[in-house]
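Here is the structure we will look at, set down as C-alpha cells.
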Amino acid sequence: MAVNETLRVLRTLRYDARHFSLFLQAGTIGPQAQPGQFAMLQAGDGWRPYLRRAFSIADVTTWRGVPAIEFVVKVVGVGTETLGRVAEGTPVPVLGPLGVPFPIGDLGPGDRVALVAGGIGLAPLVLLARHLSEKGIQADLFYGGRNESEILKRADFERLLGPHHCRYASDDGSLGRHGLVTELFEGALAGGTRFRRVYACGPVPMFRALAGILEEAKIDGSFAFESAMACGFGVCLGCVAPTADGRFATICREGPCLPPSAIDWSRL
Amino acid sequence: MAVNETLRVLRTLRYDARHFSLFLQAGTIGPQAQPGQFAMLQAGDGWRPYLRRAFSIADVTTWRGVPAIEFVVKVVGVGTETLGRVAEGTPVPVLGPLGVPFPIGDLGPGDRVALVAGGIGLAPLVLLARHLSEKGIQADLFYGGRNESEILKRADFERLLGPHHCRYASDDGSLGRHGLVTELFEGALAGGTRFRRVYACGPVPMFRALAGILEEAKIDGSFAFESAMACGFGVCLGCVAPTADGRFATICREGPCLPPSAIDWSRL
Amino acid sequence: MSTVDLAVQLGTLRLKNPIATASGTFGYGLEFAEFVDLSVLGAISIKGLSLRPCHGNPPPRICETDAGMLNAIGLQNVGVEAFLSEKLPELDRLGATVIANVWGDTEEDYCAVVERIGAERRIAAIELNVSCPNVVKGGMVFGNDPVALGALVRKVREIAKRPLIVKLSPNVGDIVSTARAAVDNGADILSLINTLVGLAIDLERREPKIGFTTGGLSGPAIRHVAVRMVWEVRRALPKVPIFGIGGIEKAEDVIEFLVAGANAVQVGTANFRNPSVSAELVKGVAEWCAAHGESRVSNIVGTLKTRPRPEHTYA
Amino acid sequence: MSTVDLAVQLGTLRLKNPIATASGTFGYGLEFAEFVDLSVLGAISIKGLSLRPCHGNPPPRICETDAGMLNAIGLQNVGVEAFLSEKLPELDRLGATVIANVWGDTEEDYCAVVERIGAERRIAAIELNVSCPNVVKGGMVFGNDPVALGALVRKVREIAKRPLIVKLSPNVGDIVSTARAAVDNGADILSLINTLVGLAIDLERREPKIGFTTGGLSGPAIRHVAVRMVWEVRRALPKVPIFGIGGIEKAEDVIEFLVAGANAVQVGTANFRNPSVSAELVKGVAEWCAAHGESRVSNIVGTLKTRPRPEHTYA
Ligand SMILES: Cc1cc2nc3c(=O)[nH]c(=O)nc-3n(C[C@H](O)[C@H](O)[C@H](O)COP(=O)(O)OP(=O)(O)OC[C@H]3O[C@@H](n4cnc5c(N)ncnc54)[C@H](O)[C@@H]3O)c2cc1C
Ligand SMILES: Cc1cc2nc3c(=O)[nH]c(=O)nc-3n(C[C@H](O)[C@H](O)[C@H](O)COP(=O)(O)OP(=O)(O)OC[C@H]3O[C@@H](n4cnc5c(N)ncnc54)[C@H](O)[C@@H]3O)c2cc1C
Ligand SMILES: Cc1cc2nc3c(=O)[nH]c(=O)nc-3n(C[C@H](O)[C@H](O)[C@H](O)COP(=O)(O)O)c2cc1C
Ligand SMILES: Cc1cc2nc3c(=O)[nH]c(=O)nc-3n(C[C@H](O)[C@H](O)[C@H](O)COP(=O)(O)O)c2cc1C
Ligand code: FES
Ligand code: FES
C-alpha cells in the first residue's frame, strides 16, 4: 500500500559531481519496499521543478542506527540538482512504494540469475541483490558505464554477491571490459553460464539489445523501465509504453518491472 | 548610476520571527547609495518569487571589516521569507542604487529636521540619520510600531541622533507613547519644536495623516513611498501613484522620495 | 469549523462541499482511495469515457513546463461499459459522488455514451468534454464553435437523464459565446476551463516534446486565465452554475474561483503532485471560511467587487 | 563564436541578430543604456506610442503570478511627438535599431501616429499594437476580429512609409485567421504574442488585484502557448516573417521559438527581472549555435520536425 508521507534527509553521500546517494528516514515506506519499486520525491519547495520525480528505491538500510531508504541519483536536470543540494534534516515529500517489483517469489536456492545494469540503472539492483542474497539465490552482476566513475556502489554489490560474481564494462575501458555491458553478458552466456532469469535496468538501447539476446537464448527477463512521469500511480496515463498486445501500458503501475516480451519494441 | 551586480550574503541578523537585517557585500552599489534610495533583490533562484523585490538601503556599513549594505526586512510573503532563509555566502542579484533620495543637500548645521517612521518604514531612515549626523544637522526621530518588538534598531538611532532625540509610540503601549506616531509628532509640534523638514516612511494611513499635519503647519516634507514594483527603474510603469498635477508618477524613478504635496491624496 | 456550512448547490446537483476533482487527473477515483477518503470530496469527475475503450496517443504524452505541464494523453480510457461494471460499484461503496466525463468523435458517439449511462443513479452528473485539444476529431472541434457546440448539447440534452455539465475550452476568442451556446441548448452546469493548447520543443532532436505535437497546458500557469473566464461567464450569465477549474493548489485558490463566480471547483494537476491534496483542500476551505467569519461557503460565490473601467485620459 | 552568423532578415528589415526587446518592457530604451549596450541588440520595440501623451490606468497596475505577472498599464506614454524629439535622437546616437510600437483608439488615431512617423529613417519599422487587452477602446477590439483588423491594417499600410509589423493577440480562437487578415491586408511582419487576459483577486478585499480588473498575463507561464501559435502561423503562412514573443528567459527559449518558426524574437518581462538579459541572450544564442555546429542562426528557423497526428485507436 503506497503512502504519501514526508521524510527527513539523513545524509547525502556524493560520489562525484554528477552522482550521489540520498538517505531519507525509512518512514512507513521503507519496510514495505520490494526490489524494483520506486518512489516519487518532491524536490525543493515544489515550484521548480513543478512535478515530483521518480527514483528507484535503491536500498533499505540504516544510517547511524536510524532506519533509512537510500536513493542513488544521477544529476541530469533541475530536479536532481535541487535534490543534490538538500541539507540534512530537510523534510522531503515522498510517495511510495510504487509499481510492480521484480518477480523473485518463484526463485529458491539453487537458482542462478543475472543482474544487468547500465549507468544509473544500478539503482534498483542493489536492493534486489540484497533480497536475492538473503534468499540464498546466486546472482551475477553485469554492470556497464561510460567510465569507472559511473560504476557505483561496487563494494555493496561485491559484498552481497561475492566479488567474483561482479563484472564490469566501460565505454572507455577505465574499468573492466572495454565495451558494452551487453557484450559482457553475451560473453558469459557464450561461456556456458545458464541463468534462470535476467533482471535489468538501464538505457533503452541496452534494453533493446538485451531483449534480443534473451529472446534468442529463450531466457526469462524482467526489466525496470523508465519514462517521464507526472503522477507515478497510474492516473495521469502519461508514462505509457507500447505493448506487444497493441495497447499502451503505464510504466508506473503496470511496471516499472515488466518482461521484455510485454513491450512492442518496434513502436518504443 | 545604477548597477546590476551579484553580491554575497555576509550575515543575517534576526530580530524576531518576522524581522531581520540582511548584510550583503557593498559591491559598487554601497558606496554610491544615498539615503532614501533602494535596491531590487532577487530572492531564491528567481522562480518563486518570479520578480525581484524592492528594499530600502538601510545602512552602508561594515561587517567584520568587509564593506556591507544593510537591509532591514519585515517578512510578509514568499520573497521576504525566502530572503530570510539565505545562507551566508549565497550570491544575491542586486540592482541599485535606485530612485530619488531624500533631499538633504540644502541643509546645514543649525537646521533641525524630524524623521517619522511607521513600522518597517524605519529602514531608509537609518542611513538618513547617519548622513544627517555626519553633516551636523539635528534630527528628532518619531517612530511608531504595533508593539515594542516592531520598533527596531533603536540603539543605532539613539547613537546617531542622541537618546533624547528618539521618541517612540506603540499601538499597545509596550514602548513609549500609547498611540499613533503622528500623535507623538503632533505633540512635539504643539510643544513648540520647529522643523525645517520632515522625512517620513511608513504605511499609507500614516502618510495621509502626516501630509495633513504638514500642510496645516506649512512644513516641508519628503516621504519615501512604497508600491508594488516589477522593474524598479522606470520602465514597466507599474508602480505609479496619482500626482497633484493629474498624472501618474513612477514611485521607483520619480520617487520613492517625494514631497507629500506632489501626491493627489484623494486618488491614492 | 463544524459551524461552516460547506454545501453548494449547482442546479439540481447538491454537493457536500465545493471541492471536486477534475477529469483525467483523478483516474477512476479508485486509484486515490489509498490517499483520500473519497466520501469527503464534493465530487470526482472521472477520466473521459468513450463508448468503446480507447488506447490514446503514442508517447511521449507529458512534459513539465514552468508552473505547469503539457499533456496529450489522447483520452485513453476503459470505455463506458467497463467503467459501469468494474469501477462504479466500488466507487459507490466508497461513498464517492461521481461525475461521468464523456466524449466522442461525433455527435452520435457522444449520444451513445450518454444513452448507455441512462438514468444510472450512482452517477451524479454527466460532464461533456467538448474541449479536449489532444485528439484529431471531436474535442475542440465542438468546443471552439458555438454553433456546433449548441447542436451537440441540444442532442445530448434530449437523451440525458442526469444533470448535464458542459466543459468549455479556453482556446476561444470569447468564452461567453460558447458558454451561452451551451446554456441556451440545455446545459445545466458549465465547467471551465480545460487546458490551453501549447507546444514545447526538444531542441536536441528538433521535435515536439509531446508525441501529438501540441499538448494541453495545465497547472498554476493557467489559473488567472481560468479565473478571468469564470468571471466573464458569471457576469454574462448570472444564474448558470459553474465549476471553476485551472491551476488550483491551495485553499486560497479555491476561494479566488468562488469570489470570481464559481459555485464549486475541480482540482486537476495538483492531484499528481500531491495525491491527498483534494481532501486537504476541503479542510483548508473550511478553515479559511472560519477564519474569515463566513458561515456558509456559498455566500462567497460571485462576491467580487469591480470598479468601472477607466477610459484613457490624455495630457 | 565570431564564426556564427547571427543576422536575420524579416522582409526588408535586416537585424544584426534575432534578439529584440518587447514593447512596454523596455521603456524608451534609454532607461536600459546603463545596463545594456543598445547597439548590440537586434532591435528594441519601444513603449506603445499614441498621438497624444496618455496617462494610463489608475494603480494598482501590476501583480505577480506563478511564473509570470499581470499588468494593466493602460498604455501610458509620452506621445509620438515627444518620443521623436526627445528620445529618438539619443537612441540613434547610441546605435539602437528602433521599432516604434503604436496604438490608437480608432483607425484615425492609428493612422495619425503612423503619418507623424512618416519616412523617419531612424525608425526601422512600425509595430501596430492591435492586441492590448488593457484599454477600453481600440486594443483587442481590433485584435480579436479578423475583419476589423484587416480594415485597420489596410488603411495603415496605405500611409506607412516604413516596414509594417502587426502584433497579434493570443486571446482568439484561431490565431491563423487574424494572422492571415493582417498579412492579406499588407502586414510585412507579424509579432506574436501579446499577453493573455487574466484576473487575480485580493481575497481580503474581494477586489481585483489590478485596478483595471483584468490584466495581461506575461512571462514563462505563457511561453508554450506562444510557441504553439508561432508554429501554427508558420505552418499556415510559410513566407511571413515572424517575431516570436512570450516568456523568453534563456537562450534555449529563443532557439525554441526559432525552431517553431520565428525569424526573430522579442524579450519582454525578463527585462524587469534582469535588465541585462537581452544582451546576455545575444551572447547565449551565439554560444548555443556554436555548440550545436550552426554557423547561421537563420538556418534554425522553422526546423521543427513533426509527426503525423494519430487518430484514436479503439480496442
Ligand atoms: C521508475 C523510475 C525510476 C527511476 N529511478 C532513478 C534512480 O534511481 N536514479 C536516478 O538518478 N534516476 C532515476 N530515474 C530517472 C529520474 O526520474 C530522472 O532522472 C529525473 O526525473 C530527472 O529530473 P530532473 O528534474 O533532474 O531532469 P529534467 O530537467 O526533468 O530533465 C533532464 C533530462 O532528463 C530527461 N528525463 C526527465 N525525466 C526522466 C525520466 N523519468 N526518465 C528518463 N529521463 C528523464 C529529460 O528528457 C531531459 O533530457 C527513474 C525514473 C523512473 C521513471
Ligand atoms: C521602494 C521600496 C522600498 C522598500 N523597502 C523595504 C524595506 O526596507 N524593508 C521591507 O521589509 N520592505 C520594504 N519594502 C516592501 C517590500 O518590497 C515588500 O514587503 C516585498 O516586496 C514583499 O514581498 P513578498 O514576496 O515577501 O510578499 P508578497 O507575497 O509579494 O506579498 C505579501 C503582501 O505584501 C504586499 N506587498 C507586496 N509588495 C509590496 C510592496 N512593494 N509594497 C508594499 N506591500 C507590498 C502584498 O500586497 C501582499 O499583501 C519596500 C518597497 C518599496 C517599493
Ligand atoms: C493528464 C491530464 C488529462 C486530462 N484528461 C481530461 C479528460 O479526459 N477530460 C477532460 O474533460 N479534461 C481532461 N483534462 C483537463 C483537466 O480536467 C482540467 O480541466 C485541466 O487540467 C485544468 O485544470 P488544472 O490546471 O487544475 O489541471 C486533463 C488534464 C490533464 C493534465
Ligand atoms: C508591463 C507590460 C507592458 C506592456 N506594454 C505593451 C505595449 O505598450 N505595447 C505592446 O504591443 N505590448 C506591450 N506588452 C506586451 C509585451 O510586449 C509582450 O508581448 C508580452 O509581455 C509577452 O512577452 P513576455 O512574456 O516576454 O513578457 C507589455 C507587457 C508588459 C508586461
Ligand atoms: S506517471 Fe501517471 S500514469 Fe504513470
Ligand atoms: S517598478 Fe517599473 S516603473 Fe516603477
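Identifiers in this document derive from the order of the C-alpha cells: chains are assigned A, B, ..., residues are numbered from 1 separately in each chain, and ligands are numbered from 1 in order of occurrence.
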- Spatial neighbours of Pro163 (chain A), 12 Å, only C-alpha atoms, chain gap at least 3 places, as a list in words: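 Contacts, in chain order: Ala139, Asp140, Leu141, Phe142, Arg154, Ala155, Asp156, Phe157, Glu158, Arg159, Leu160, Cys166, Arg167 and Tyr168 of chain A.
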- Task: List every residue of region 38-205 of chain A that DSSP, applied to the backbone of this structure, assigns to helix (DSSP H, G or I), and report them as a PyMOL selection string.
- Result: chain A and resi 78-84+119-134+148-150+154-161+163-165+181-190+204-205
Given only C-alpha atoms, how would the per-residue table for chain B near chain C read, listing every residue at most 9 Å away with its closest atom pair and distance in Å to one decimal, sorted by chain and number, as JSON lines?
{"residue": "B:Trp47", "atom": "CA", "partner": "C:Asp66", "partner_atom": "CA", "distance": 8.8}
{"residue": "B:Gly246", "atom": "CA", "partner": "C:Ala315", "partner_atom": "CA", "distance": 8.6}
{"residue": "B:Arg247", "atom": "CA", "partner": "C:Ala315", "partner_atom": "CA", "distance": 8.0}
- Using only C-alpha atoms and all ligand atoms, what are the residues with an atom within 8 Å of ligand 5, set out as a list in words?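 Going residue by residue within 8 Å of ligand 5, we get Ser227, Ala228, Met229, Ala230, Cys231, Gly232, Phe233, Gly234, Val235, Cys236, Leu237, Gly238, Cys239, Val240, Thr250, Ile251, Cys252 and Arg253 of chain A; Phe272 of chain C.
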Write the residues you've just listed into a file as a tab-separated table (two decimals), in the first residue's frame, and include all heavy atoms for each of them.
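The new file selection_33.tsv reads:
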chain	number	residue	atom	x	y	z
A	227	SER	N	10.37	6.21	-17.66
A	227	SER	CA	9.52	7.02	-18.52
A	227	SER	C	9.25	8.32	-17.78
A	227	SER	O	9.29	8.33	-16.55
A	227	SER	CB	8.21	6.26	-18.77
A	227	SER	OG	7.32	7.05	-19.49
A	228	ALA	N	9.02	9.40	-18.49
A	228	ALA	CA	8.67	10.65	-17.80
A	228	ALA	C	7.33	10.43	-17.09
A	228	ALA	O	6.40	9.89	-17.69
A	228	ALA	CB	8.56	11.80	-18.79
A	229	MET	N	7.26	10.81	-15.84
A	229	MET	CA	6.07	10.55	-15.03
A	229	MET	C	5.54	11.82	-14.41
A	229	MET	O	6.31	12.62	-13.88
A	229	MET	CB	6.41	9.55	-13.91
A	229	MET	CG	6.76	8.17	-14.43
A	229	MET	SD	6.99	7.00	-13.09
A	229	MET	CE	7.21	5.50	-14.07
A	230	ALA	N	4.22	11.97	-14.44
A	230	ALA	CA	3.62	13.11	-13.73
A	230	ALA	C	3.12	12.67	-12.37
A	230	ALA	O	3.31	13.37	-11.39
A	230	ALA	CB	2.49	13.72	-14.54
A	231	CYS	N	2.46	11.50	-12.29
A	231	CYS	CA	1.85	11.11	-11.03
A	231	CYS	C	2.58	9.96	-10.35
A	231	CYS	O	2.76	9.96	-9.15
A	231	CYS	CB	0.38	10.76	-11.23
A	231	CYS	SG	0.08	9.21	-12.12
A	232	GLY	N	2.96	8.93	-11.10
A	232	GLY	CA	3.62	7.76	-10.51
A	232	GLY	C	2.69	6.69	-10.00
A	232	GLY	O	3.16	5.65	-9.53
A	233	PHE	N	1.38	6.90	-10.06
A	233	PHE	CA	0.49	5.86	-9.53
A	233	PHE	C	-0.71	5.56	-10.45
A	233	PHE	O	-1.78	5.16	-10.00
A	233	PHE	CB	0.03	6.16	-8.10
A	233	PHE	CG	-0.62	7.51	-7.91
A	233	PHE	CD1	-2.00	7.61	-7.76
A	233	PHE	CD2	0.13	8.67	-7.85
A	233	PHE	CE1	-2.61	8.84	-7.57
A	233	PHE	CE2	-0.48	9.91	-7.66
A	233	PHE	CZ	-1.85	9.98	-7.53
A	234	GLY	N	-0.48	5.77	-11.74
A	234	GLY	CA	-1.44	5.21	-12.70
A	234	GLY	C	-2.62	6.06	-13.06
A	234	GLY	O	-3.55	5.57	-13.70
A	235	VAL	N	-2.61	7.34	-12.72
A	235	VAL	CA	-3.80	8.14	-13.01
A	235	VAL	C	-3.65	9.16	-14.13
A	235	VAL	O	-4.63	9.54	-14.75
A	235	VAL	CB	-4.34	8.84	-11.75
A	235	VAL	CG1	-4.76	7.81	-10.73
A	235	VAL	CG2	-3.34	9.82	-11.17
A	236	CYS	N	-2.42	9.61	-14.41
A	236	CYS	CA	-2.30	10.62	-15.47
A	236	CYS	C	-2.23	9.95	-16.85
A	236	CYS	O	-2.50	10.59	-17.87
A	236	CYS	CB	-1.11	11.54	-15.24
A	236	CYS	SG	0.50	10.82	-15.57
A	237	LEU	N	-1.85	8.69	-16.89
A	237	LEU	CA	-1.67	7.94	-18.15
A	237	LEU	C	-0.61	8.59	-19.03
A	237	LEU	O	-0.65	8.48	-20.25
A	237	LEU	CB	-3.01	7.80	-18.90
A	237	LEU	CG	-4.15	7.18	-18.09
A	237	LEU	CD1	-5.43	7.12	-18.91
A	237	LEU	CD2	-3.78	5.80	-17.58
A	238	GLY	N	0.34	9.24	-18.38
A	238	GLY	CA	1.37	9.94	-19.13
A	238	GLY	C	2.60	9.11	-19.43
A	238	GLY	O	3.35	9.42	-20.35
A	239	CYS	N	2.83	8.05	-18.67
A	239	CYS	CA	4.11	7.36	-18.67
A	239	CYS	C	4.11	6.10	-19.52
A	239	CYS	O	4.96	5.23	-19.32
A	239	CYS	CB	4.46	6.97	-17.24
A	239	CYS	SG	3.27	5.78	-16.58
A	240	VAL	N	3.19	5.99	-20.45
A	240	VAL	CA	2.96	4.69	-21.09
A	240	VAL	C	4.05	4.27	-22.08
A	240	VAL	O	4.76	5.10	-22.63
A	240	VAL	CB	1.61	4.67	-21.84
A	240	VAL	CG1	0.45	4.89	-20.86
A	240	VAL	CG2	1.59	5.72	-22.94
A	250	THR	N	0.88	1.59	-18.56
A	250	THR	CA	1.51	2.57	-17.68
A	250	THR	C	2.76	1.95	-17.06
A	250	THR	O	2.70	0.87	-16.47
A	250	THR	CB	0.56	2.99	-16.53
A	250	THR	OG1	0.09	1.83	-15.86
A	250	THR	CG2	-0.63	3.77	-17.07
A	251	ILE	N	3.87	2.65	-17.25
A	251	ILE	CA	5.13	2.16	-16.66
A	251	ILE	C	5.07	2.24	-15.14
A	251	ILE	O	5.63	1.40	-14.45
A	251	ILE	CB	6.32	2.99	-17.20
A	251	ILE	CG1	6.52	2.71	-18.69
A	251	ILE	CG2	7.60	2.70	-16.44
A	251	ILE	CD1	6.81	1.27	-19.04
A	252	CYS	N	4.36	3.21	-14.62
A	252	CYS	CA	4.36	3.40	-13.17
A	252	CYS	C	3.51	2.36	-12.44
A	252	CYS	O	3.80	2.05	-11.29
A	252	CYS	CB	3.87	4.80	-12.81
A	252	CYS	SG	2.12	5.09	-13.13
A	253	ARG	N	2.46	1.85	-13.10
A	253	ARG	CA	1.55	0.98	-12.36
A	253	ARG	C	1.57	-0.46	-12.87
A	253	ARG	O	1.63	-1.40	-12.11
A	253	ARG	CB	0.13	1.53	-12.44
A	253	ARG	CG	-0.78	0.95	-11.38
A	253	ARG	CD	-2.11	1.68	-11.36
A	253	ARG	NE	-2.96	1.16	-10.30
A	253	ARG	CZ	-3.16	1.76	-9.14
A	253	ARG	NH1	-2.57	2.89	-8.88
A	253	ARG	NH2	-3.95	1.21	-8.23
C	272	PHE	N	-1.61	15.20	-9.07
C	272	PHE	CA	-0.41	14.43	-9.42
C	272	PHE	C	0.73	14.74	-8.45
C	272	PHE	O	1.49	13.86	-8.08
C	272	PHE	CB	0.07	14.76	-10.84
C	272	PHE	CG	-0.96	14.52	-11.92
C	272	PHE	CD1	-0.90	15.23	-13.12
C	272	PHE	CD2	-1.96	13.58	-11.77
C	272	PHE	CE1	-1.82	15.02	-14.13
C	272	PHE	CE2	-2.90	13.37	-12.78
C	272	PHE	CZ	-2.82	14.09	-13.97
Write out as an mmCIF file with N, CA, C and O atoms, in the first residue's frame the set of residues from region 116-257 of chain D that DSSP, computed on the backbone, places in strand (DSSP E).
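Here's the written file selection.cif:
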data_model
loop_
_atom_site.group_PDB
_atom_site.id
_atom_site.type_symbol
_atom_site.label_atom_id
_atom_site.label_comp_id
_atom_site.auth_asym_id
_atom_site.auth_seq_id
_atom_site.Cartn_x
_atom_site.Cartn_y
_atom_site.Cartn_z
ATOM 1 N N ILE D 123 13.643 55.189 -37.588
ATOM 2 C CA ILE D 123 12.717 54.155 -37.114
ATOM 3 C C ILE D 123 12.747 53.017 -38.128
ATOM 4 O O ILE D 123 12.404 53.183 -39.297
ATOM 5 N N ALA D 124 13.207 51.854 -37.652
ATOM 6 C CA ALA D 124 13.441 50.728 -38.556
ATOM 7 C C ALA D 124 12.135 50.085 -38.998
ATOM 8 O O ALA D 124 12.045 49.549 -40.105
ATOM 9 N N ALA D 125 11.135 50.131 -38.154
ATOM 10 C CA ALA D 125 9.837 49.545 -38.501
ATOM 11 C C ALA D 125 8.787 50.078 -37.543
ATOM 12 O O ALA D 125 9.105 50.565 -36.457
ATOM 13 N N ILE D 126 7.552 49.972 -37.993
ATOM 14 C CA ILE D 126 6.412 50.367 -37.152
ATOM 15 C C ILE D 126 5.681 49.096 -36.745
ATOM 16 O O ILE D 126 5.430 48.224 -37.580
ATOM 17 N N GLU D 127 5.365 48.989 -35.453
ATOM 18 C CA GLU D 127 4.649 47.805 -34.956
ATOM 19 C C GLU D 127 3.283 48.239 -34.467
ATOM 20 O O GLU D 127 3.183 49.002 -33.503
ATOM 21 N N LEU D 128 2.237 47.771 -35.126
ATOM 22 C CA LEU D 128 0.872 48.105 -34.720
ATOM 23 C C LEU D 128 0.460 47.210 -33.574
ATOM 24 O O LEU D 128 0.366 45.995 -33.729
ATOM 25 N N ASN D 129 0.185 47.810 -32.428
ATOM 26 C CA ASN D 129 -0.343 47.038 -31.312
ATOM 27 C C ASN D 129 -1.859 47.011 -31.436
ATOM 28 O O ASN D 129 -2.545 47.954 -31.077
ATOM 29 N N LEU D 164 5.971 47.413 -41.926
ATOM 30 C CA LEU D 164 4.827 47.381 -41.014
ATOM 31 C C LEU D 164 4.710 46.013 -40.323
ATOM 32 O O LEU D 164 4.505 44.981 -40.966
ATOM 33 N N ILE D 165 4.842 46.046 -39.008
ATOM 34 C CA ILE D 165 4.668 44.845 -38.181
ATOM 35 C C ILE D 165 3.285 44.908 -37.551
ATOM 36 O O ILE D 165 2.879 45.964 -37.065
ATOM 37 N N VAL D 166 2.556 43.810 -37.540
ATOM 38 C CA VAL D 166 1.287 43.761 -36.809
ATOM 39 C C VAL D 166 1.436 42.777 -35.660
ATOM 40 O O VAL D 166 1.857 41.629 -35.852
ATOM 41 N N LYS D 167 1.114 43.262 -34.475
ATOM 42 C CA LYS D 167 1.292 42.448 -33.269
ATOM 43 C C LYS D 167 -0.031 41.842 -32.854
ATOM 44 O O LYS D 167 -0.983 42.540 -32.537
ATOM 45 N N ILE D 189 5.331 42.017 -41.507
ATOM 46 C CA ILE D 189 5.875 41.147 -40.461
ATOM 47 C C ILE D 189 4.788 40.970 -39.403
ATOM 48 O O ILE D 189 3.977 41.877 -39.193
ATOM 49 N N LEU D 190 4.778 39.816 -38.744
ATOM 50 C CA LEU D 190 3.868 39.614 -37.613
ATOM 51 C C LEU D 190 4.674 39.498 -36.321
ATOM 52 O O LEU D 190 5.772 38.931 -36.313
ATOM 53 N N SER D 191 4.105 40.021 -35.231
ATOM 54 C CA SER D 191 4.660 39.789 -33.895
ATOM 55 C C SER D 191 3.622 38.996 -33.127
ATOM 56 O O SER D 191 2.452 39.371 -33.111
ATOM 57 N N LEU D 192 4.044 37.920 -32.460
ATOM 58 C CA LEU D 192 3.102 37.209 -31.616
ATOM 59 C C LEU D 192 3.861 36.494 -30.526
ATOM 60 O O LEU D 192 4.908 35.937 -30.804
ATOM 61 N N LEU D 196 -2.004 37.231 -22.505
ATOM 62 C CA LEU D 196 -3.284 36.551 -22.307
ATOM 63 C C LEU D 196 -4.060 37.292 -21.222
ATOM 64 O O LEU D 196 -3.478 37.700 -20.217
ATOM 65 N N VAL D 197 -5.360 37.411 -21.376
ATOM 66 C CA VAL D 197 -6.125 38.149 -20.364
ATOM 67 C C VAL D 197 -6.314 37.288 -19.117
ATOM 68 O O VAL D 197 -6.730 36.127 -19.209
ATOM 69 N N GLY D 198 -6.002 37.865 -17.963
ATOM 70 C CA GLY D 198 -6.135 37.141 -16.702
ATOM 71 C C GLY D 198 -6.742 38.009 -15.619
ATOM 72 O O GLY D 198 -6.802 39.235 -15.738
ATOM 73 N N ILE D 201 -7.327 38.001 -7.792
ATOM 74 C CA ILE D 201 -8.215 38.632 -6.808
ATOM 75 C C ILE D 201 -7.531 38.768 -5.454
ATOM 76 O O ILE D 201 -6.897 37.832 -4.967
ATOM 77 N N ASP D 202 -7.674 39.938 -4.872
ATOM 78 C CA ASP D 202 -7.245 40.165 -3.493
ATOM 79 C C ASP D 202 -8.374 39.656 -2.605
ATOM 80 O O ASP D 202 -9.453 40.247 -2.552
ATOM 81 N N GLU D 207 -11.519 42.265 -4.153
ATOM 82 C CA GLU D 207 -11.381 43.168 -5.295
ATOM 83 C C GLU D 207 -10.307 42.629 -6.212
ATOM 84 O O GLU D 207 -9.407 41.916 -5.767
ATOM 85 N N PRO D 208 -10.357 42.972 -7.488
ATOM 86 C CA PRO D 208 -9.265 42.575 -8.375
ATOM 87 C C PRO D 208 -7.948 43.149 -7.869
ATOM 88 O O PRO D 208 -7.936 44.262 -7.326
ATOM 89 N N GLY D 215 -5.951 41.914 -16.313
ATOM 90 C CA GLY D 215 -4.636 42.362 -16.767
ATOM 91 C C GLY D 215 -4.092 41.360 -17.768
ATOM 92 O O GLY D 215 -4.678 40.296 -17.991
ATOM 93 N N GLY D 216 -2.970 41.713 -18.362
ATOM 94 C CA GLY D 216 -2.358 40.825 -19.356
ATOM 95 C C GLY D 216 -1.322 39.941 -18.691
ATOM 96 O O GLY D 216 -0.430 40.416 -17.990
ATOM 97 N N LEU D 217 -1.433 38.638 -18.923
ATOM 98 C CA LEU D 217 -0.503 37.669 -18.341
ATOM 99 C C LEU D 217 0.717 37.538 -19.243
ATOM 100 O O LEU D 217 0.588 37.263 -20.442
ATOM 101 N N SER D 218 1.899 37.709 -18.656
ATOM 102 C CA SER D 218 3.147 37.572 -19.404
ATOM 103 C C SER D 218 4.113 36.732 -18.595
ATOM 104 O O SER D 218 3.840 36.407 -17.439
ATOM 105 N N ILE D 242 8.238 36.468 -38.878
ATOM 106 C CA ILE D 242 7.583 36.444 -37.559
ATOM 107 C C ILE D 242 8.560 36.812 -36.442
ATOM 108 O O ILE D 242 9.673 36.282 -36.387
ATOM 109 N N PHE D 243 8.115 37.708 -35.559
ATOM 110 C CA PHE D 243 8.754 37.882 -34.254
ATOM 111 C C PHE D 243 8.016 37.000 -33.256
ATOM 112 O O PHE D 243 6.808 37.172 -33.053
ATOM 113 N N GLY D 244 8.720 36.081 -32.605
ATOM 114 C CA GLY D 244 8.116 35.275 -31.545
ATOM 115 C C GLY D 244 8.304 35.967 -30.206
ATOM 116 O O GLY D 244 9.397 36.439 -29.895
ATOM 117 N N ILE D 245 7.237 36.012 -29.409
ATOM 118 C CA ILE D 245 7.259 36.722 -28.123
ATOM 119 C C ILE D 245 6.498 35.924 -27.088
ATOM 120 O O ILE D 245 5.400 35.434 -27.371
#
- Message: Distance cut-off 7 Å, counting only C-alpha atoms - which residues of chain D neighbour chain C? Return them as a VMD selection string.
- Response: chain D and resid 52 to 57 66 to 67 135 to 136 144 171 to 173 197 to 201 203 206 to 208 212 to 213 220 to 221 224 to 225 227 to 228 256 259 303 to 306 309 to 315
- If we count only C-alpha atoms, which residues of chain B reach to within 10 Å of chain A? Please list them as a list in words.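 Listing them in order of chain and number gives Asp45, Trp47, Arg48 and Pro49 of chain B.
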- Nearest to ligand 3 among C:Val233, C:Ala270, C:Ala151, C:Ala112, with distances taken over only C-alpha atoms and all ligand atoms: which residue is it?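 Among the listed residues, C:Ala270 lies closest to ligand 3.
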- Message: When you look at Ile137 (chain A) with a cut-off of 10 Å (counting only C-alpha atoms), what residues show up, excluding the ones that are within fewer than 2 positions of it in the same chain? I need them as an NGL selection string.
- Response: :A and (104 or 107-113 or 129 or 131-135 or 139 or 161)
- Task: Kindly compile the residues surrounding ligand 2 within 7 Å, counting only C-alpha atoms and all ligand atoms, and format them as a PyMOL selection string.
- Result: chain B and resi 38+49+53-58+71-81+120-121+123-124+225-229+252+256
- Message: Report as number ranges by chain all protein, DNA and RNA residues lying within 8 Å of region 82-99 of chain D, evaluated on only C-alpha atoms, omitting residues in the same chain fewer than 4 positions from it.
- Response: D: 28-30, 37-46, 78, 122-127
- In Å, rounded to a single decimal, give me how far CA of Gly30 (chain A) is from atom 1 (C, counted along the ligand's line) of ligand 1.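 Result for atom 1 (C, counted along the ligand's line) of ligand 1 versus CA of Gly30 (chain A): 16.2 Å, one decimal.
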- What's the 7 Å shell around region 197-214 of chain A, counting only C-alpha atoms, without same-chain residues fewer than 5 positions away, as a ChimeraX atom specification? /A:113-122,182,219-225,260
- Task: Return the single residue from A:Gln34, A:Ser21, A:Asn147, A:Thr90 that is closest to ligand 1, with distances computed using only C-alpha atoms and all ligand atoms.
- Result: A:Ser21
